[in-house]
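Have a look at final-v2.csv; it's CSV, C-alpha atoms and all ligand atoms:
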chain,number,residue,atom,x,y,z
X,300,MET,CA,98.6,61.8,88.5
X,301,ARG,CA,96.9,64.0,85.9
X,302,GLU,CA,98.9,66.9,84.4
X,303,PHE,CA,96.5,69.6,83.3
X,304,ARG,CA,97.3,71.2,79.9
X,305,ILE,CA,96.6,74.9,79.9
X,306,ALA,CA,96.6,77.2,76.9
X,307,VAL,CA,97.5,80.7,78.0
X,308,LEU,CA,96.4,83.6,75.8
X,309,PRO,CA,97.6,86.8,77.5
X,310,GLY,CA,96.2,89.1,74.7
X,311,ASP,CA,96.7,92.9,74.6
X,312,GLY,CA,97.2,95.8,76.9
X,313,ILE,CA,97.0,94.9,80.5
X,314,GLY,CA,96.3,91.3,79.6
X,315,PRO,CA,100.0,90.2,79.7
X,316,GLU,CA,100.6,92.2,82.9
X,317,VAL,CA,97.8,90.6,84.9
X,318,MET,CA,98.4,87.1,83.3
X,319,ASN,CA,101.9,87.2,84.7
X,320,GLU,CA,100.5,87.4,88.2
X,321,ALA,CA,98.0,84.6,87.6
X,322,LEU,CA,100.9,82.4,86.4
X,323,LYS,CA,102.9,83.2,89.5
X,324,VAL,CA,99.9,82.0,91.5
X,325,LEU,CA,99.5,78.8,89.5
X,326,ARG,CA,103.3,78.1,89.9
X,327,ILE,CA,103.3,78.5,93.6
X,328,LEU,CA,100.3,76.1,93.9
X,329,LYS,CA,102.3,73.6,91.9
X,330,ASP,CA,105.4,74.0,94.0
X,331,LYS,CA,103.4,73.6,97.3
X,332,ASP,CA,101.1,70.8,96.3
X,333,TYR,CA,102.7,67.9,94.4
X,334,THR,CA,99.3,66.5,93.5
X,335,PHE,CA,98.7,69.5,91.3
X,336,GLN,CA,100.6,69.4,88.0
X,337,PHE,CA,100.1,71.5,85.0
X,338,HIS,CA,101.8,72.4,81.8
X,339,ALA,CA,101.1,75.8,80.3
X,340,ASP,CA,101.7,76.8,76.7
X,341,MET,CA,101.7,80.5,75.8
X,342,PHE,CA,100.0,81.7,72.6
X,343,LEU,CA,100.6,85.3,71.6
X,344,TRP,CA,97.5,85.6,69.4
X,345,ASN,CA,96.7,89.3,69.9
X,346,SER,CA,96.3,92.5,68.0
X,347,GLU,CA,100.1,92.6,67.3
X,348,TYR,CA,99.7,89.2,65.7
X,349,TYR,CA,96.8,90.6,63.7
X,350,LEU,CA,98.8,93.6,62.5
X,351,GLN,CA,101.6,91.2,61.3
X,352,HIS,CA,99.5,88.4,59.8
X,353,GLY,CA,96.1,89.9,59.0
X,354,ARG,CA,94.3,87.5,61.3
X,355,MET,CA,93.9,87.1,65.0
X,356,MET,CA,95.2,83.5,65.2
X,357,PRO,CA,96.6,80.9,62.8
X,358,GLU,CA,94.3,79.0,60.5
X,359,ASN,CA,94.5,75.9,62.7
X,360,GLY,CA,94.3,77.9,65.9
X,361,LEU,CA,91.2,76.2,67.2
X,362,ASP,CA,92.5,72.8,66.4
X,363,ILE,CA,95.6,73.6,68.5
X,364,LEU,CA,93.4,74.8,71.4
X,365,LYS,CA,91.2,71.8,71.2
X,366,ASN,CA,93.8,69.6,72.8
X,367,TYR,CA,94.0,71.6,76.0
X,368,ASP,CA,92.1,71.0,79.2
X,369,ALA,CA,91.4,74.7,79.7
X,370,ILE,CA,92.1,78.1,78.2
X,371,LEU,CA,93.3,81.0,80.4
X,372,PHE,CA,92.6,84.2,78.6
X,373,GLY,CA,93.8,87.8,79.4
X,374,ALA,CA,92.1,90.6,77.5
X,375,ILE,CA,92.0,91.6,73.9
X,376,GLY,CA,91.6,95.0,72.2
X,377,ASP,CA,93.9,97.5,70.7
X,378,PRO,CA,93.2,101.0,69.5
X,379,ARG,CA,94.9,100.1,66.1
X,380,VAL,CA,92.5,97.2,65.5
X,381,PRO,CA,88.7,97.6,65.2
X,382,ASP,CA,87.0,96.1,68.2
X,383,ASP,CA,84.8,93.8,66.2
X,384,ILE,CA,87.8,92.1,64.6
X,385,SER,CA,89.3,91.0,67.9
X,386,VAL,CA,85.9,89.9,69.2
X,387,TRP,CA,84.6,88.1,66.1
X,388,GLU,CA,87.9,86.6,65.0
X,389,LEU,CA,89.2,85.3,68.4
X,390,ILE,CA,86.8,85.3,71.3
X,391,MET,CA,83.6,84.4,69.4
X,392,PRO,CA,85.2,81.5,67.4
X,393,ILE,CA,86.6,80.0,70.6
X,394,ARG,CA,83.2,80.3,72.4
X,395,LYS,CA,81.3,78.8,69.4
X,396,ARG,CA,83.6,76.0,68.4
X,397,PHE,CA,84.1,74.8,71.9
X,398,CYS,CA,80.4,75.1,72.6
X,399,GLN,CA,80.9,77.3,75.7
X,400,TYR,CA,77.2,78.0,76.1
X,401,VAL,CA,77.5,79.0,79.8
X,402,ASN,CA,79.0,82.3,80.9
X,403,LEU,CA,79.4,82.2,84.6
X,404,ARG,CA,80.0,85.4,86.6
X,405,PRO,CA,80.4,85.1,90.3
X,406,VAL,CA,79.6,88.3,92.2
X,407,LYS,CA,81.1,88.2,95.7
X,408,LYS,CA,81.9,91.1,98.0
X,409,LEU,CA,85.5,90.7,99.3
X,410,LYS,CA,86.4,91.8,102.8
X,411,GLY,CA,88.1,95.2,102.9
X,412,ILE,CA,87.1,96.6,99.6
X,413,PRO,CA,87.0,100.3,100.5
X,414,GLU,CA,83.6,101.7,101.6
X,415,GLN,CA,83.3,104.3,98.8
X,416,PHE,CA,83.0,101.4,96.3
X,417,ILE,CA,80.3,99.5,98.1
X,418,HIS,CA,77.2,100.9,99.7
X,419,GLN,CA,76.0,97.7,101.3
X,420,GLU,CA,76.8,96.4,104.7
X,421,ARG,CA,75.6,92.9,104.2
X,422,PRO,CA,77.5,90.2,102.4
X,423,ILE,CA,77.0,89.8,98.7
X,424,ASN,CA,77.6,86.4,97.2
X,425,PHE,CA,75.6,85.4,94.1
X,426,VAL,CA,76.3,84.1,90.5
X,427,ILE,CA,75.0,85.1,87.2
X,428,VAL,CA,74.5,82.2,84.7
X,429,ARG,CA,74.4,83.9,81.3
X,430,GLU,CA,73.3,82.1,78.1
X,431,ASN,CA,76.3,82.5,75.9
X,432,ALA,CA,75.5,81.0,72.5
X,433,GLU,CA,72.2,82.4,71.2
X,434,GLY,CA,69.5,84.9,72.3
X,435,GLU,CA,69.7,88.6,71.4
X,436,TYR,CA,73.3,88.4,70.1
X,437,SER,CA,72.6,86.8,66.8
X,438,ASN,CA,73.8,87.6,63.3
X,439,SER,CA,70.2,87.3,62.0
X,440,GLY,CA,68.6,90.5,60.8
X,441,GLY,CA,69.3,93.3,58.4
X,442,ARG,CA,68.5,96.7,57.1
X,443,ILE,CA,66.4,97.9,54.3
X,444,TYR,CA,65.8,101.3,52.6
X,445,GLN,CA,69.3,102.3,53.9
X,446,GLY,CA,70.0,106.0,54.1
X,447,THR,CA,66.3,106.9,53.4
X,448,ASP,CA,63.9,108.2,56.0
X,449,GLN,CA,62.0,104.9,55.6
X,450,GLU,CA,65.0,102.9,56.8
X,451,ILE,CA,64.3,99.9,59.0
X,452,ALA,CA,66.6,97.6,60.9
X,453,VAL,CA,65.6,94.2,62.2
X,454,GLN,CA,67.6,92.3,64.7
X,455,ASN,CA,66.3,88.8,65.5
X,456,THR,CA,66.5,87.1,68.8
X,457,ILE,CA,67.0,83.4,68.7
X,458,ILE,CA,65.7,81.5,71.7
X,459,THR,CA,65.6,77.7,71.2
X,460,ARG,CA,64.1,75.1,73.5
X,461,LYS,CA,67.3,73.1,73.5
X,462,GLY,CA,69.5,76.2,74.2
X,463,THR,CA,67.3,77.4,77.0
X,464,GLU,CA,66.9,73.9,78.5
X,465,ARG,CA,70.7,73.4,78.8
X,466,ILE,CA,71.4,76.8,80.4
X,467,ALA,CA,68.5,76.3,82.8
X,468,ARG,CA,69.7,72.9,83.7
X,469,TYR,CA,73.2,74.3,84.3
X,470,ALA,CA,71.8,77.0,86.6
X,471,PHE,CA,69.8,74.5,88.7
X,472,GLN,CA,72.7,72.1,88.9
X,473,TYR,CA,75.0,74.9,90.0
X,474,ALA,CA,72.5,76.0,92.7
X,475,LYS,CA,72.2,72.4,93.9
X,476,LYS,CA,76.0,71.8,93.9
X,477,HIS,CA,76.8,75.0,95.7
X,478,GLY,CA,74.1,75.0,98.3
X,479,TYR,CA,71.9,77.8,96.9
X,480,GLN,CA,68.1,77.6,97.6
X,481,LYS,CA,66.8,79.6,94.7
X,482,VAL,CA,67.2,80.5,91.1
X,483,ILE,CA,65.9,83.7,89.7
X,484,ASN,CA,64.7,83.8,86.1
X,485,ALA,CA,65.6,87.2,84.5
X,486,THR,CA,62.9,87.8,81.9
X,487,LYS,CA,60.8,90.2,80.1
X,488,SER,CA,58.0,88.0,78.8
X,489,ASN,CA,55.4,90.7,79.5
X,490,ALA,CA,56.8,92.8,76.7
X,491,VAL,CA,58.9,90.4,74.6
X,492,VAL,CA,56.1,88.1,74.0
X,493,HIS,CA,57.5,85.5,71.6
X,494,SER,CA,61.1,84.7,72.6
X,495,MET,CA,60.9,85.3,76.3
X,496,LYS,CA,57.6,83.4,76.7
X,497,LEU,CA,59.4,80.3,75.3
X,498,TRP,CA,62.3,81.0,77.6
X,499,ASP,CA,60.0,81.2,80.7
X,500,GLU,CA,58.2,78.0,79.7
X,501,VAL,CA,61.4,76.0,79.4
X,502,ILE,CA,62.8,77.4,82.6
X,503,GLU,CA,59.7,76.5,84.5
X,504,HIS,CA,59.7,73.0,83.0
X,505,VAL,CA,63.3,72.5,84.1
X,506,ALA,CA,62.6,73.9,87.6
X,507,SER,CA,60.0,71.2,88.1
X,508,GLU,CA,62.8,68.7,88.1
X,509,TYR,CA,64.4,70.4,91.0
X,510,PRO,CA,61.7,70.5,93.7
X,511,ASP,CA,64.3,71.5,96.4
X,512,ILE,CA,65.2,74.7,94.6
X,513,GLN,CA,62.8,77.6,94.4
X,514,LEU,CA,62.3,79.4,91.1
X,515,GLU,CA,61.5,83.1,91.2
X,516,LYS,CA,60.7,85.2,88.1
X,517,TYR,CA,61.6,88.8,87.8
X,518,TYR,CA,61.2,91.2,84.9
X,519,ILE,CA,64.6,92.6,84.0
X,520,ASP,CA,63.7,96.2,84.9
X,521,ALA,CA,62.6,95.3,88.4
X,522,LEU,CA,65.5,93.0,88.8
X,523,ALA,CA,67.9,95.8,88.0
X,524,ALA,CA,66.4,97.8,90.9
X,525,TYR,CA,66.6,94.7,93.1
X,526,PHE,CA,70.3,94.4,92.3
X,527,VAL,CA,70.9,97.8,93.7
X,528,GLN,CA,68.5,97.7,96.7
X,529,ARG,CA,69.0,94.2,98.1
X,530,PRO,CA,71.9,92.4,96.4
X,531,ASP,CA,72.5,90.5,99.6
X,532,THR,CA,69.4,88.3,98.9
X,533,LEU,CA,70.4,87.3,95.3
X,534,GLN,CA,71.6,83.7,94.7
X,535,VAL,CA,71.7,82.1,91.3
X,536,ILE,CA,70.3,84.2,88.3
X,537,VAL,CA,69.7,82.7,85.0
X,538,ALA,CA,69.6,85.2,82.1
X,539,SER,CA,69.6,85.5,78.4
X,540,ASN,CA,72.7,86.7,76.5
X,541,LEU,CA,71.8,90.4,76.5
X,542,PHE,CA,70.2,90.5,80.0
X,543,GLY,CA,73.1,88.5,81.4
X,544,ASP,CA,75.6,90.8,79.9
X,545,ILE,CA,74.1,93.9,81.4
X,546,LEU,CA,73.5,92.3,84.8
X,547,SER,CA,77.1,91.1,84.9
X,548,ASP,CA,78.5,94.6,84.7
X,549,LEU,CA,76.0,95.8,87.2
X,550,GLY,CA,77.0,93.0,89.5
X,551,SER,CA,80.6,93.8,89.1
X,552,ALA,CA,80.1,97.4,90.0
X,553,LEU,CA,78.3,96.4,93.2
X,554,VAL,CA,81.3,94.6,94.6
X,555,GLY,CA,84.3,96.8,93.6
X,556,GLY,CA,84.5,97.1,89.8
X,557,LEU,CA,86.1,95.6,86.8
X,558,GLY,CA,89.5,95.1,88.4
X,559,ILE,CA,88.3,92.2,90.5
X,560,SER,CA,85.6,90.5,88.4
X,561,PRO,CA,86.2,87.1,87.0
X,562,SER,CA,84.3,85.1,84.4
X,563,ALA,CA,84.2,81.6,82.8
X,564,ASN,CA,82.9,80.5,79.4
X,565,ILE,CA,82.0,76.9,80.1
X,566,ASN,CA,81.4,73.8,78.1
X,567,PRO,CA,79.6,71.9,80.9
X,568,GLU,CA,79.9,68.5,79.2
X,569,GLY,CA,83.7,68.9,79.2
X,570,VAL,CA,84.0,67.7,75.6
X,571,PHE,CA,85.9,70.9,74.8
X,572,PRO,CA,88.0,73.2,76.8
X,573,SER,CA,86.4,76.0,78.8
X,574,MET,CA,87.8,79.5,78.8
X,575,PHE,CA,88.5,81.7,81.8
X,576,GLU,CA,88.9,85.4,81.5
X,577,PRO,CA,88.5,88.6,83.5
X,578,VAL,CA,85.4,90.7,82.8
X,579,HIS,CA,87.6,93.7,82.0
X,580,GLY,CA,89.1,94.5,78.7
X,581,SER,CA,92.7,95.4,77.7
X,582,ALA,CA,92.4,98.9,79.4
X,583,PRO,CA,94.7,100.8,77.0
X,584,ASP,CA,94.5,103.8,79.2
X,585,ILE,CA,96.6,102.1,82.0
X,586,ALA,CA,98.5,99.5,79.9
X,587,GLY,CA,102.2,99.3,80.5
X,588,LYS,CA,102.1,101.4,83.7
X,589,GLY,CA,101.9,98.6,86.3
X,590,LYS,CA,98.6,99.9,87.5
X,591,ALA,CA,96.3,97.1,86.6
X,592,ASN,CA,94.6,95.2,89.4
X,593,PRO,CA,95.5,91.5,88.9
X,594,ILE,CA,92.6,90.1,91.1
X,595,ALA,CA,90.2,89.5,88.2
X,596,GLN,CA,92.7,87.4,86.3
X,597,ILE,CA,93.8,85.5,89.4
X,598,TRP,CA,90.2,84.8,90.3
X,599,SER,CA,89.6,83.6,86.8
X,600,ALA,CA,92.4,81.2,87.2
X,601,ALA,CA,90.7,80.0,90.4
X,602,LEU,CA,87.5,79.4,88.4
X,603,MET,CA,89.6,77.4,86.0
X,604,LEU,CA,90.9,75.2,88.9
X,605,GLN,CA,87.3,74.8,90.2
X,606,SER,CA,86.2,73.6,86.8
X,607,LEU,CA,89.1,71.2,86.6
X,608,GLY,CA,88.0,69.6,89.8
X,609,ARG,CA,90.4,71.4,92.2
X,610,GLU,CA,87.9,73.3,94.3
X,611,ASP,CA,90.4,73.0,97.2
X,612,LEU,CA,93.1,75.1,95.3
X,613,ALA,CA,90.4,77.5,94.1
X,614,SER,CA,89.3,78.2,97.6
X,615,ILE,CA,92.9,78.8,98.7
X,616,ILE,CA,93.3,81.4,96.0
X,617,LEU,CA,90.1,83.1,97.1
X,618,LYS,CA,91.1,83.1,100.7
X,619,ALA,CA,94.5,84.6,99.8
X,620,ILE,CA,92.9,87.3,97.6
X,621,GLU,CA,90.5,88.2,100.5
X,622,LYS,CA,93.4,88.4,103.0
X,623,VAL,CA,95.1,91.0,100.7
X,624,THR,CA,91.9,93.1,100.3
X,625,GLU,CA,91.2,92.8,104.0
X,626,HIS,CA,94.7,94.0,105.1
X,627,GLY,CA,94.4,96.8,102.6
X,628,GLU,CA,98.1,97.5,102.4
X,629,LYS,CA,98.9,96.2,98.9
X,630,LEU,CA,96.0,97.5,96.8
X,631,THR,CA,96.1,98.9,93.3
X,632,GLU,CA,94.8,102.4,92.5
X,633,ASP,CA,91.4,101.2,91.4
X,634,LEU,CA,90.8,100.0,94.9
X,635,GLY,CA,92.2,103.2,96.5
X,636,GLY,CA,95.8,102.0,97.0
X,637,ASN,CA,99.1,102.8,95.4
X,638,SER,CA,100.6,99.4,94.8
X,639,THR,CA,101.7,98.0,91.5
X,640,THR,CA,100.3,95.0,89.7
X,641,ALA,CA,103.3,92.9,90.6
X,642,GLU,CA,103.3,94.1,94.3
X,643,MET,CA,99.7,93.0,94.6
X,644,GLY,CA,100.2,89.7,92.8
X,645,GLU,CA,103.2,88.9,94.9
X,646,GLU,CA,101.3,89.7,98.1
X,647,ILE,CA,98.6,87.2,97.0
X,648,VAL,CA,101.3,84.6,96.4
X,649,ARG,CA,102.7,85.3,99.9
X,650,GLN,CA,99.3,84.8,101.4
X,651,ILE,CA,98.9,81.5,99.5
X,652,VAL,CA,102.2,80.3,101.0
X,653,LYS,CA,101.0,81.2,104.5
X,654,ILE,CA,97.7,79.2,104.0
X,655,MET,CA,99.2,76.1,102.4
R,701,LIG,P1,86.6,96.3,76.2
R,701,LIG,O1,85.9,96.8,75.0
R,701,LIG,O2,87.8,95.4,75.9
R,701,LIG,O3,85.7,95.8,77.2
R,701,LIG,P2,86.6,98.8,77.6
R,701,LIG,O4,87.4,100.0,77.2
R,701,LIG,O5,85.2,98.7,77.5
R,701,LIG,O6,87.3,97.6,76.8
R,701,LIG,P3,88.2,98.1,79.9
R,701,LIG,O7,89.4,97.9,79.0
R,701,LIG,O8,87.8,97.0,80.7
R,701,LIG,O9,86.9,98.4,79.1
R,701,LIG,O10,88.4,99.4,80.7
R,701,LIG,C1,87.4,100.1,81.3
R,701,LIG,C2,88.0,101.0,82.4
R,701,LIG,O11,88.3,100.2,83.6
R,701,LIG,C3,89.3,101.7,82.0
R,701,LIG,O12,89.3,103.0,82.6
R,701,LIG,C4,90.3,100.8,82.7
R,701,LIG,O13,91.5,101.5,83.0
R,701,LIG,C5,89.6,100.3,83.9
R,701,LIG,N1,90.1,98.9,84.2
R,701,LIG,C6,89.8,97.8,83.5
R,701,LIG,N2,90.5,96.7,84.0
R,701,LIG,C7,91.2,97.2,85.1
R,701,LIG,C8,92.1,96.5,86.0
R,701,LIG,N3,92.3,95.2,85.9
R,701,LIG,N4,92.6,97.3,86.9
R,701,LIG,C9,92.3,98.6,87.0
R,701,LIG,N5,91.5,99.2,86.2
R,701,LIG,C10,91.0,98.5,85.2
R,702,MG,MG,83.9,96.8,77.8
Kindly return the structure encoded in the file as structure tokens.
Ligand code: ATP
Ligand code: MG
Amino acid sequence: MREFRIAVLPGDGIGPEVMNEALKVLRILKDKDYTFQFHADMFLWNSEYYLQHGRMMPENGLDILKNYDAILFGAIGDPRVPDDISVWELIMPIRKRFCQYVNLRPVKKLKGIPEQFIHQERPINFVIVRENAEGEYSNSGGRIYQGTDQEIAVQNTIITRKGTERIARYAFQYAKKHGYQKVINATKSNAVVHSMKLWDEVIEHVASEYPDIQLEKYYIDALAAYFVQRPDTLQVIVASNLFGDILSDLGSALVGGLGISPSANINPEGVFPSMFEPVHGSAPDIAGKGKANPIAQIWSAALMLQSLGREDLASIILKAIEKVTEHGEKLTEDLGGNSTTAEMGEEIVRQIVKIM
């Protein structure tokens, strides 16, 4: 039997609070299903670590993480440390070194999420496949004539044939594997005529290898409206780094907000560990108060199990989460309830026990 090795990085703020609940979920699965074995090591590489050591992780941090099957991440960010340090010295190096070029964001409406948060009667169940390694978020560019009224800033977008091909292929494979019939290309090649034209060309080329799956092309502005007006008809969306980032938050708002939205940074080849983290940040405003919704972190753990080949356990977690939102008795404040983080987490554990 394979024992999964999981590196746990709880991070800052509400990170450790919601991670605690995710670990309870993983432990109960292990107790109930002897075929599921894991070993978790905890790494306290966070802003506190930075304040003590002047860096976000030890020098050989990435070499340590490399030996794990997966990384479960909480959230990072602390008012005492500039945001770009925690991002550029921890999250980005992990994504880069482990070639996590897919950012996967499932957007699914859970039963029972109170009406005031969702204005759609019909089910919503789609995924955003965001390019996570290049595109608009590059370090290439600069500023000249600084501080004068002639000042110019240039920010380069890097779209490569290889980078686009691999993200497109992931999107089509994902659609095929999960029974979706269409992939939407989120683009803006009518105005961004160099980079997005190459993006479109490559996506259309990859699409031709998947005759059973339909390709639709939407300009990002129209697609944003489409998200609001008929999100029930969305399926798989393939998007560049910037567009995918924006659509992800929009998608998360459609189905109940940051407290429930999971994400995965995936190395599809499985050569390096993938990393699973909630979409939300460390939420300093509610940290330490037991108010954080643990669903996003628990759902991220479910994505981790899915990627480790345990779809069965992932779907048990999802069912249990949905039972809790449907019953509506143990909800955190962000979903209109008054339960604590631990109360909600333990209710999810209780539902898992009932299902298994
Ligand atoms: P970051 O830069 O790390 O993304 P941020 O300030 O942009 O941080 P969050 O930390 O995600 O964003 O917080 C945004 C808002 O959402 C805050 O008001 C926070 O309290 C709320 N929030 C975030 N996560 C949760 C959660 N799990 N449960 C309840 N509320 C949350
Ligand atoms: Mg944010």
Taking only residues of chain X that have an atom at most 9 Å from an atom of ligand MG 702 (chain R), what is each one's shortest atom pair and its distance in Å to one decimal, using all atoms listed in the file, in chain and number order, as CSV?
residue,atom,partner,partner_atom,distance
X:Val578,CA,R:MG702,MG,8.0
X:His579,CA,R:MG702,MG,6.4
X:Gly580,CA,R:MG702,MG,5.8
X:Ser581,CA,R:MG702,MG,8.9
X:Ala582,CA,R:MG702,MG,8.9
Show me which residues are within 10 Å of ligand LIG 701 (chain R) counting all atoms listed in the file, and format the list as a compact mmCIF listing (two decimals) with C-alpha atoms, keeping the file's coordinate frame.
# COMPACT_ATOMS: atom_id res chain seq x y z
CA ASP X 311 96.70 92.90 74.60
CA GLY X 312 97.20 95.80 76.90
CA ILE X 313 97.00 94.90 80.50
CA GLY X 314 96.30 91.30 79.60
CA GLU X 316 100.60 92.20 82.90
CA VAL X 317 97.80 90.60 84.90
CA GLY X 373 93.80 87.80 79.40
CA ALA X 374 92.10 90.60 77.50
CA ILE X 375 92.00 91.60 73.90
CA GLY X 376 91.60 95.00 72.20
CA ASP X 377 93.90 97.50 70.70
CA PRO X 378 93.20 101.00 69.50
CA ASP X 382 87.00 96.10 68.20
CA ASP X 383 84.80 93.80 66.20
CA SER X 385 89.30 91.00 67.90
CA VAL X 386 85.90 89.90 69.20
CA GLY X 556 84.50 97.10 89.80
CA LEU X 557 86.10 95.60 86.80
CA GLY X 558 89.50 95.10 88.40
CA ILE X 559 88.30 92.20 90.50
CA SER X 560 85.60 90.50 88.40
CA PRO X 577 88.50 88.60 83.50
CA VAL X 578 85.40 90.70 82.80
CA HIS X 579 87.60 93.70 82.00
CA GLY X 580 89.10 94.50 78.70
CA SER X 581 92.70 95.40 77.70
CA ALA X 582 92.40 98.90 79.40
CA PRO X 583 94.70 100.80 77.00
CA ASP X 584 94.50 103.80 79.20
CA ILE X 585 96.60 102.10 82.00
CA ALA X 586 98.50 99.50 79.90
CA GLY X 589 101.90 98.60 86.30
CA LYS X 590 98.60 99.90 87.50
CA ALA X 591 96.30 97.10 86.60
CA ASN X 592 94.60 95.20 89.40
CA PRO X 593 95.50 91.50 88.90
CA ILE X 594 92.60 90.10 91.10
CA ALA X 595 90.20 89.50 88.20
CA GLN X 596 92.70 87.40 86.30
CA THR X 631 96.10 98.90 93.30
CA GLU X 632 94.80 102.40 92.50
CA ASP X 633 91.40 101.20 91.40
CA LEU X 634 90.80 100.00 94.90
CA THR X 640 100.30 95.00 89.70
Problem - Residues near Asp548 in chain X, cut-off 12 Å, all atoms listed in the file, skip fewer than 3 positions along chain, as a ChimeraX atom specification - result: /X:404-406,427,429,523,526,541-545,551-562,577-579
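From CA of Phe337 in chain X back to CA of Val648 in chain X, the distance works out to 17.4 Å.
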Practice task
Please provide as a list in words all residues within 8 Å of range 442-457 of chain X, with the sequence filter that same-chain residues fewer than 6 positions apart are discarded (counting only C-alpha atoms).
Solution key: Glu433, Gly434, Glu435, Tyr436 and Ser494 of chain X
Completion exercise
In terms of all atoms listed in the file, the residue from X:Thr459, X:Asn484, X:Asn438, X:Asn564 at minimal distance from Ala506 in chain X is X:Asn484
